[in-house]
Structures are given as structure tokens and as C-alpha cells.
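To keep things clear, I will list the structure first and then write my remarks on it.
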Amino acid sequence: MPSYMYWLRYGWLPGLFLAGVAAQYFSWFDFRPLLNTELPPLLLGCAFGLGTFFKSSRTAYAAALLLAGYLAAGTLEWLQQGPIGGLTLGLVALNLALIAGSRDRSPLSGFGLLLVGAMAVQGGGLYLLSDCCRPLLAGHWPLPVIDHWQFTAAQLLFAVALLVASFKAIFRPDHTAIGLLACILVLFWLFDRGADSEGVELAATACGVLLVLLVLRSAYELAFRDELTGIPSRRAYSRFLLTLGRHYSIAVVDIDHFKKLNDRHGHQVGDEALRMVAGKIARFGGGRAFRYGGEEFVVVIRGRDRERAERALERMRDKIAAYPLQLRSVVRSAKSDSKARRRRGQGGAGGAIKTTVSVGLASASGQLKSPHQVLEAADRALYKAKRGGRNRVCVHG
């Protein structure tokens with residue numbers, strides 16, 4: 001998938017969130033009349049509960065961290081004095097960046113306990129520093145390489161947090177990583193405006209809204225997107241059928257000799273083939289692609305132009321057939337003995353194979369009125385393509 005598609009898929013929700021923050025910053029819209037003091041803990045608490053329930057631990061950790069920071073800022077007076085408030089924001093941002101760089105796991109795992117312990121240690125360290133090192137924390141420190149650039153301790157923490165979170169969001173993007181990067185940017189905005197009480201309430205509310213939406217988005221992905229290939233699942237296909245009009249076509253795409261591919265090269269190569277084929281179908285299939293089950297995919301193409309749909313599917317088939325799938329190991333013997341099975345996929349690197357697909361296409365008509373009938377007709381056309389030699393598109397009727 002091209003990089004811009006990753007950002008469109010994963011970044012639209014944080015992008016809308018940052019657009020709202022920009023609207024507040026430039027006074028295009030004022031969200032402050034919508035706020036009250038009970039809203040931030042309610043939203044952050046909901047984000048924590050939903051994240052725990054749906055096993056979205058990074059969102060749950062981030063919500064717990066922001067909730068603890070918000071409650072501490074409202075009750076501990078020493079956190080509001082001098083540079084300690086800015087340093088607290090910098091530490092929260094750095095912890096959010098580390099959470100973004102981790103992976104989702106059980107919220108009650110060892111990582112969660114370690115995070116709680118680290119937060120307690122950081123809080124104790126801040127309390128000690130607030131007594132003995134306040135002038136040092138307020139001062140500017142020159143960078144070792146560029147002397148004329150000077151930063152406070154809080155600014156250095158934000159710089160590291162933004163660097164770590166941006167690296168994760170750019171090179172391994174997902175909804176949570178990009179969302180937490182957006183939260184760090186909001187905290188930096190709060191730090192820049194002086195961390196006043198109104199700004200704290202506004203930033204905590206904004207982050208709470210985003211985290212709740214991130215959990216709901218993750219739950220949607222879990223329910224309606226295939227984890228292996230990244231395209232919508234069969235459940236999403238069933239829902240998508242409810243939105244169809246009268247004119248549409250359905251194509252069934254099946255990988256040729258997929259069982260032999262798995263037996264010869266191992267399931268890791270089979271998974272790579274599934275991901276490659278799914279990506280080509282989604283990009284060149286001419287419609288909405290779904291993984292229907294196993295090595296079978298479905299493409300739903302709106303409109304009455306069946307010839308255009310057939311041309312798109314032919315182009316997709318050509319793209320798949322011409323793509324060299326790189327192997328991590330040399331081709332192994334297809335023997336069925338246990339020793340050969342253990343060695344599958346563990347040889348030397350450097351080979352490449354090509355895979356093909358067979359496609360059956362059918363369009364809604366007077367005889368094929370329901371999506372179920374169209375799918376059955378496309379399935380019959382698929383079997384016709386397989387009997388005709390595979391690696392081809394056959395049209396029903």
C-alpha cells in the first residue's frame with residue numbers, strides 16, 4: 001500500500017482532531033462554551049474503560065496517564081509552580097511517545113505494572129526536584145553540537161517525545177500511534193500557552209474525545225477488517241451489501257493452486273501471497289474489495305458498465321501474475337515426511353515465485369436480482385475460469 005494511503009487510512013481521525021485544535025487556536029471556532037470541569041475525567045475514564053475492555057492497551061495506558069496528570073494538576077499545588085508544570089507536561093508527552101512505540105497487549109500485563117511504577121517514580125522525582133533544583137530546571141541548556149540553540153528541560157523532553165512519536169507514526173503507522181502523536185502536539189500547544197487552568201481543561205477534553213474515538217475505531221477494525229490482509233472482512237461485505245442500489249457487479253477472485261503453494265513453501269509464504277493479492281485487488285480491482293474466506297476474495301463494483309468492470313479485473317489479474325513474490329528461502333521438496341515439514345520455509349534466501357488468480361464476474365439483472373444470486377452466478381463463472389485453465393477472467397452469461 002502506498003505511503004499516502006497509509007496516512008489516509010490511519011490519519012484521517014487525528015487529522016480532524018488537529019483541525020479542531022487549529023480552529024480553536026486561530027479563533028475560527030470557540031469550543032470553550034461546551035466545556036465543564038467534569039467532562040475531562042469522564043471522557044478519559046471512558047477511554048480507559050473502553051480500551052481495557054477491547055484490549056486496546058495503548059489507548060488505556062494513555063488515558064490513565066492523562067487522567068492522572070489532569071487530576072494531579074488540579075490538586076497538587078507544587079505542580080503548578082514555576083517550571084514544574086512545564087516539566088510535567090514534557091514527561092507526560094515522553095511517556096505517551098513511549099506508549100505509542102510499544103504494542104497492544106493485556107492492560108494488566110507486566111508492561112502496565114512497569115508503567116505505573118515508572119509514573120510513581122517520575123512523580124516522586126518531580127516532587128524532589130521542585131524543592132532543590134527549580135532554578136536549574138528553569139534555565140536554558142545549550143545543545144552539545146549547536147551552542148547557539150538553547151532549550152529548557154521541558155522543551156528537550158518535548159523534542160524527544162515528538163521525535164519518537166513521529167518516527168513510529170511515519171514508519172509503522174497505525175491509528176493509535178498517529179492519535180497519540182496528535183495528543184503530544186496538543187500538550188505542546190498547552191505548554192506553549194503557559195498551561196493555564198482553562199488550557200488544561202480544553203486540552204484534557206480534546207485528548208479524551210480523541211482517545212474515545214480511537215478505541216471505537218479500533219473496535220470497528222477488529223469487527224470489520226481482516227487482520228492478515230488489512231482489507232475489509234466478510235462481515236463488512238455483508239454490511240456493504242445493504243448500501244447497494246440496483247446496478248452493480250460482483251467478482252469472486254480465487255488464488256490458483258494456493259494449497260500447493262502452502263505445502264511447497266510454507267504458510268509464511270502463503271500469508272505473503274494473500275497480502276500481496278489483497279493489495280492488488282484493493283488497488284486495481286475497480287471496486288470495493290473484501291476477503292471472503294481462505295484464499296477467496298470478493299470485489300463489489302457499482303454501476304451498470306460490466307465491460308468496464310471486466311477491463312479493471314483483467315488489469316488486476318495481469319498485475320498479480322506479473323508480480324514476483326520474493327521468497328525468504330529456496331524451494332523445498334514437497335515430500336510429506338515430518339522432517340521436510342519441519343524444514344519448510346527455513347532454507348536460504350533469494351528466490352522468487354509468481355502466483356495467479358482466477359476470476360468470475362456477474363452483474364445484477366432481471367434474472368439475478370439479489371446480491372446472493374449475483375454472488376452464486378459469479379461463483380459459477382469462477383469455476384468456469386478454473387476449468388478453462390486458470391489465470392483468467394470469466395463472465396457469467
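Identifiers in this document derive from the order of the C-alpha cells: chains are assigned A, B, ..., residues are numbered from 1 separately in each chain, and ligands are numbered from 1 in order of occurrence.
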Could you write out, as a PyMOL selection string, all the residues of stretch 190-272 of chain A that DSSP marks as strand (DSSP E)? chain A and resi 248-255
Check which residues of stretch 257-294 of chain A sit at most 12 Å from stretch 356-380 of chain A using only C-alpha atoms, and return one row each with the closest pair of atoms and their distance in Å to one decimal, ordered by chain and rising number, as a tab-separated table.
```
residue	atom	partner	partner_atom	distance
A:His257	CA	A:Thr356	CA	8.5
A:Phe258	CA	A:Thr356	CA	9.4
A:Leu261	CA	A:Thr356	CA	11.1
A:Ala273	CA	A:Thr356	CA	9.9
A:Leu274	CA	A:Val357	CA	11.0
A:Met276	CA	A:Thr356	CA	11.1
A:Val277	CA	A:Val357	CA	8.5
A:Ala278	CA	A:Val357	CA	11.1
A:Lys280	CA	A:Val357	CA	11.1
A:Ile281	CA	A:Val357	CA	10.3
A:Gly285	CA	A:Val359	CA	10.7
A:Tyr292	CA	A:Leu375	CA	11.3
```
Fewer than 3 positions away in the same chain doesn't count, so skip those; otherwise give me all residues within 10 Å of stretch 65-78 of chain A, counting only C-alpha atoms, as a count of residues only. 39
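In terms of minimum interatomic distance to A:Gly101, A:Pro173 ranks closest within A:Pro173, A:Gly230, A:Gly86, A:Gly124, counting only C-alpha atoms.
Each of A:Tyr237, A:Arg302, A:Pro232, A:Ala165 was compared to A:Leu180 using only C-alpha atoms, and A:Ala165 turns out to be the nearest.
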I'd like the interatomic distance between atom CA of A:His396 and atom CA of A:Val300, to a tenth of an Å. 15.0 Å
Among stretch 186-229 of chain A, which residues carry a DSSP assignment of helix (DSSP H, G or I), reported as a ChimeraX atom specification? /A:186-192,197-224
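Of note, atom CA of A:Val164 and atom CA of A:Ser56 are spaced 20.2 Å apart.
Look at A:Ala321: the protein and nucleic acid residues within 10 Å of it, using only C-alpha atoms and passing over chain neighbours fewer than 4 places away, are Val277, Arg315, Met316, Arg317, Leu325, Ile353, Lys354, Thr355, Thr356, Val357 and Asn391 of chain A.
As for atom CA of A:Lys260 and atom CA of A:Gly389, they are spaced 16.2 Å apart.
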Pick from A:Arg288, A:Arg311, A:Arg283, A:Arg264: nearest to A:Leu244, with only C-alpha atoms counted? A:Arg288
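Each of A:Gly388, A:Gly293, A:Gly125, A:Gly303 was checked against A:Arg235 using only C-alpha atoms; the smallest atom-to-atom distance is that of A:Gly293.
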